[in-house]
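Student: Structure in structure tokens, see below.
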Amino acid sequence: MNILEKIIVDKYKEVAERKSLVPVKLLEKSTFFEGKVVSMKKYVTHPEKSGIISEFKRKSPSKGMINGAASVETVSIGYMQAGASALSILTDKDYFGGSNEDLKIARKFNFCPILRKDFVVDEYQIIEAKSIGADCILLIAAALEPEKLKSLAYFAKSLGLEVLLEVHDGDELAQSINDGVDLIGVNNRNLKTFEVSIDTSLELVDKIPSSFIKISESGISDPNTLIKLKKAGFDGFLIGENFMKSSRPEQAAYNFIKDYQKLASATEFQKA
């Protein structure tokens, strides 16, 4: 069993336990549940924003503890002040050290799109996402059968949430793409082996129909890479570890985004 398969097995158990503790009716009474969704699509493609979805994560299965001391409030506010377009908040506890509370805190202090980053396998988690203030959910092609993924995407849409579909290769893209999806993210990290290559994004970008917002995820540590990915056709970029490994992730994001914007301006100038 690879790590992704193990995570999914554990996630089904975790969801069953949460369902028994917190009924749907209670989730629907949350103050966030009737809140207006902030569009990830609009913010990522906004011409005056960076297109960067800055991620808050304390640890990962491949790297172990990345930053256990970071404050969600400080980092999320700092990310947005640095010029990020949106936030991604890890809510998986066992493998990523996150919690639903992290997302609630980020929601309390930020008016921007927030992606609930987790391993969604059940409609319950989508209701939960809405109840904690998320605007967008992640559906991972490698973790879900195509029909299941489609039904979860449609269910998310029925609640007004946007959907980011994550793929890693051409087969996943072809099998999982559906009109319930808003954004398609290419994960440069293989979730089964944890190997990372930006070439994954470059190989898939032209296979993604232009009706979807295109996001490159993982393994991005150099602003020059963003220029390359932008030229290739990506609208947005999900960056987490590169910021979180710093003692001040928000400052790392600020420096990175400023360097990227300088490069982008120079590139535009050269074109002109």
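Please note that chains go A, B, ... in the order of the structure tokens, that every chain numbers its residues from 1, and that ligands are numbered from 1 in the order shown.
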Leaving out Ser30 (chain A) and any residue of its chain fewer than 6 positions from it, which residues lie within 10 Å of it when counting only C-alpha atoms, given as a VMD selection string?

Tutor: chain A and resid 128 130 to 133

Student: Generate the output file for the selected residues, N, CA and C atoms, as a CSV table (one decimal), in the first residue's frame.

Tutor:
```csv
chain,number,residue,atom,x,y,z
A,128,GLU,N,-19.1,20.0,5.4
A,128,GLU,CA,-18.2,20.5,6.5
A,128,GLU,C,-17.3,21.7,6.0
A,130,LYS,N,-18.1,23.9,3.7
A,130,LYS,CA,-18.9,25.1,3.7
A,130,LYS,C,-19.1,25.6,5.1
A,131,SER,N,-19.3,24.7,6.1
A,131,SER,CA,-19.6,25.1,7.5
A,131,SER,C,-18.4,25.7,8.2
A,132,ILE,N,-17.2,25.5,7.6
A,132,ILE,CA,-16.0,26.1,8.3
A,132,ILE,C,-15.5,27.4,7.5
A,133,GLY,N,-16.2,27.7,6.4
A,133,GLY,CA,-15.8,28.9,5.7
A,133,GLY,C,-15.0,28.8,4.4
```

Student: Extract, using only C-alpha atoms, all DNA, RNA and protein residues at most 8 Å from Val72 (chain A), discarding same-chain residues fewer than 5 positions from it, and format them as a list of chain:residue names.

Tutor: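 Counting only the stated atoms, we get A:Phe56, A:Asp102, A:Ile105, A:Ala106.
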
Student: Using only C-alpha atoms, which protein or nucleic acid residues come within 10 Å of Thr74 (chain A)? Drop anything in the same chain fewer than 5 positions from it, and give the result as a ChimeraX atom specification.

Tutor: /A:79,106,109,248-250

Student: A:Glu147, A:Asp235, A:Glu241, A:Glu5: which is nearest Ile66 (chain A), counting only C-alpha atoms?

Tutor: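 Closest candidate: A:Glu241.
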
Student: Quick one: of A:Ala129, A:Ala69, A:Ile177, A:Cys136, who's nearest to Ser151 (chain A), counting only C-alpha atoms?

Tutor: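 Once distances to Ser151 (chain A) are computed over only C-alpha atoms, the minimum belongs to A:Ile177.
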
Student: Which of region 109-166 of chain A end up as alpha helix (DSSP H) when DSSP is run on this backbone - answer as a list of chain:residue names?

Tutor: A:Phe109, A:Glu123, A:Tyr124, A:Gln125, A:Ile126, A:Ile127, A:Glu128, A:Ala129, A:Lys130, A:Ser131, A:Pro146, A:Glu147, A:Lys148, A:Leu149, A:Lys150, A:Ser151, A:Leu152, A:Ala153, A:Tyr154, A:Phe155, A:Ala156, A:Lys157, A:Ser158

Student: Take the selection from the previous step and output its residues with N, CA and C atoms, as a PDB file, in the first residue's frame.

Tutor:
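In the end it all went to out-v1.pdb:
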```pdb
ATOM      1  N   PHE A 109     -10.053  36.155   9.561  1.00  0.00           N
ATOM      2  CA  PHE A 109      -9.161  37.290   9.374  1.00  0.00           C
ATOM      3  C   PHE A 109      -8.915  37.692   7.917  1.00  0.00           C
ATOM      4  N   GLU A 123     -19.460  13.240   0.722  1.00  0.00           N
ATOM      5  CA  GLU A 123     -20.237  14.482   0.676  1.00  0.00           C
ATOM      6  C   GLU A 123     -20.213  15.214   2.022  1.00  0.00           C
ATOM      7  N   TYR A 124     -20.125  14.461   3.089  1.00  0.00           N
ATOM      8  CA  TYR A 124     -20.088  15.044   4.437  1.00  0.00           C
ATOM      9  C   TYR A 124     -18.967  16.089   4.545  1.00  0.00           C
ATOM     10  N   GLN A 125     -17.801  15.767   3.967  1.00  0.00           N
ATOM     11  CA  GLN A 125     -16.654  16.684   4.049  1.00  0.00           C
ATOM     12  C   GLN A 125     -16.897  17.980   3.278  1.00  0.00           C
ATOM     13  N   ILE A 126     -17.747  17.907   2.263  1.00  0.00           N
ATOM     14  CA  ILE A 126     -18.058  19.098   1.462  1.00  0.00           C
ATOM     15  C   ILE A 126     -18.993  20.016   2.247  1.00  0.00           C
ATOM     16  N   ILE A 127     -19.966  19.412   2.941  1.00  0.00           N
ATOM     17  CA  ILE A 127     -20.847  20.185   3.830  1.00  0.00           C
ATOM     18  C   ILE A 127     -19.999  20.810   4.940  1.00  0.00           C
ATOM     19  N   GLU A 128     -19.074  20.020   5.433  1.00  0.00           N
ATOM     20  CA  GLU A 128     -18.160  20.484   6.490  1.00  0.00           C
ATOM     21  C   GLU A 128     -17.314  21.660   5.987  1.00  0.00           C
ATOM     22  N   ALA A 129     -16.835  21.549   4.757  1.00  0.00           N
ATOM     23  CA  ALA A 129     -16.022  22.621   4.167  1.00  0.00           C
ATOM     24  C   ALA A 129     -16.796  23.937   4.145  1.00  0.00           C
ATOM     25  N   LYS A 130     -18.061  23.857   3.744  1.00  0.00           N
ATOM     26  CA  LYS A 130     -18.917  25.059   3.709  1.00  0.00           C
ATOM     27  C   LYS A 130     -19.136  25.599   5.120  1.00  0.00           C
ATOM     28  N   SER A 131     -19.255  24.684   6.075  1.00  0.00           N
ATOM     29  CA  SER A 131     -19.557  25.093   7.458  1.00  0.00           C
ATOM     30  C   SER A 131     -18.371  25.735   8.168  1.00  0.00           C
ATOM     31  N   PRO A 146     -13.499   8.026 -11.200  1.00  0.00           N
ATOM     32  CA  PRO A 146     -14.043   9.146 -11.970  1.00  0.00           C
ATOM     33  C   PRO A 146     -15.510   9.477 -11.683  1.00  0.00           C
ATOM     34  N   GLU A 147     -16.361   8.457 -11.550  1.00  0.00           N
ATOM     35  CA  GLU A 147     -17.789   8.710 -11.299  1.00  0.00           C
ATOM     36  C   GLU A 147     -18.015   9.318  -9.910  1.00  0.00           C
ATOM     37  N   LYS A 148     -17.257   8.820  -8.946  1.00  0.00           N
ATOM     38  CA  LYS A 148     -17.356   9.339  -7.577  1.00  0.00           C
ATOM     39  C   LYS A 148     -16.892  10.798  -7.551  1.00  0.00           C
ATOM     40  N   LEU A 149     -15.805  11.045  -8.244  1.00  0.00           N
ATOM     41  CA  LEU A 149     -15.262  12.396  -8.296  1.00  0.00           C
ATOM     42  C   LEU A 149     -16.283  13.357  -8.918  1.00  0.00           C
ATOM     43  N   LYS A 150     -16.910  12.919  -9.986  1.00  0.00           N
ATOM     44  CA  LYS A 150     -17.917  13.752 -10.672  1.00  0.00           C
ATOM     45  C   LYS A 150     -19.095  14.060  -9.747  1.00  0.00           C
ATOM     46  N   SER A 151     -19.578  13.051  -9.041  1.00  0.00           N
ATOM     47  CA  SER A 151     -20.738  13.270  -8.162  1.00  0.00           C
ATOM     48  C   SER A 151     -20.370  14.199  -6.998  1.00  0.00           C
ATOM     49  N   LEU A 152     -19.148  14.093  -6.487  1.00  0.00           N
ATOM     50  CA  LEU A 152     -18.699  14.996  -5.422  1.00  0.00           C
ATOM     51  C   LEU A 152     -18.565  16.433  -5.946  1.00  0.00           C
ATOM     52  N   ALA A 153     -18.078  16.569  -7.179  1.00  0.00           N
ATOM     53  CA  ALA A 153     -17.941  17.899  -7.793  1.00  0.00           C
ATOM     54  C   ALA A 153     -19.312  18.553  -7.949  1.00  0.00           C
ATOM     55  N   TYR A 154     -20.274  17.792  -8.424  1.00  0.00           N
ATOM     56  CA  TYR A 154     -21.628  18.318  -8.612  1.00  0.00           C
ATOM     57  C   TYR A 154     -22.260  18.687  -7.263  1.00  0.00           C
ATOM     58  N   PHE A 155     -21.985  17.876  -6.266  1.00  0.00           N
ATOM     59  CA  PHE A 155     -22.533  18.160  -4.935  1.00  0.00           C
ATOM     60  C   PHE A 155     -21.950  19.471  -4.398  1.00  0.00           C
ATOM     61  N   ALA A 156     -20.646  19.662  -4.594  1.00  0.00           N
ATOM     62  CA  ALA A 156     -19.995  20.904  -4.154  1.00  0.00           C
ATOM     63  C   ALA A 156     -20.627  22.104  -4.849  1.00  0.00           C
ATOM     64  N   LYS A 157     -20.895  21.953  -6.143  1.00  0.00           N
ATOM     65  CA  LYS A 157     -21.513  23.036  -6.915  1.00  0.00           C
ATOM     66  C   LYS A 157     -22.903  23.366  -6.377  1.00  0.00           C
ATOM     67  N   SER A 158     -23.623  22.335  -5.930  1.00  0.00           N
ATOM     68  CA  SER A 158     -24.979  22.553  -5.406  1.00  0.00           C
ATOM     69  C   SER A 158     -24.948  23.398  -4.132  1.00  0.00           C
TER      70      SER A 158
END
```

Student: So how many Å separate CA of Ile8 (chain A) and CA of Asn100 (chain A), to one decimal?

Tutor: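 Rounded to one decimal, the two atoms are 17.9 Å apart.
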
Student: Determine, counting only C-alpha atoms, which protein, DNA and RNA residues have an atom within 10 Å of an atom of Lys93 (chain A); residues of the same chain fewer than 3 positions away are not included. Present the result as a list in words.

Tutor: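 Here the qualifying residues turn out to be Arg58, Lys59, Leu90, Phe96, Gly97, Gly98, Ser99, Asn100 and Asp118 of chain A.
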
Student: Just the residues within 7 Å of Ser39 (chain A), please, counting only C-alpha atoms, with nothing from its chain fewer than 3 positions along; format it as a PDB file with C-alpha atoms, in the first residue's frame.

Tutor:
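For reference, around.pdb as written:
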```
ATOM      1  CA  LYS A  42     -11.810  35.358 -10.239  1.00  0.00           C
ATOM      2  CA  TYR A  43      -9.076  36.040  -7.702  1.00  0.00           C
ATOM      3  CA  PRO A 113     -10.891  32.681  -1.557  1.00  0.00           C
ATOM      4  CA  ASP A 135     -14.865  28.681  -0.844  1.00  0.00           C
TER       5      ASP A 135
END
```

Student: Could you pull out all residues of region 43-271 of chain A with a DSSP call of strand (DSSP E or B) and give them as a ChimeraX atom specification?

Tutor: /A:52-56,59-60,64-65,86-90,114-117,136-140,162-167,183-187,189,196,213-217,236-239

Student: Find the residue from A:Met40, A:Leu27, A:Val120, A:Ala70 that sits nearest to Ser247 (chain A); use only C-alpha atoms when measuring.

Tutor: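 Among the listed residues, the smallest separation from Ser247 (chain A) belongs to A:Ala70.
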
Student: From the options A:Ser176, A:Asn188, A:Ser221, A:Ser50, which residue's atoms come nearest to Ile208 (chain A), counting only C-alpha atoms?

Tutor: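 Nearest to Ile208 (chain A): A:Ser176.
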
Student: Of the candidates A:Ile198, A:Val24, A:Leu161, A:Ala141, which shows the shortest atom-to-atom distance to Ala174 (chain A), using only C-alpha atoms?

Tutor: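 Nearest to Ala174 (chain A): A:Ala141.
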
Student: Please compute the CA of Ser88 (chain A)-CA of Ser246 (chain A) distance, one decimal, in Å.

Tutor: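 For CA of Ser88 (chain A) relative to CA of Ser246 (chain A), the distance reads 17.1 Å.
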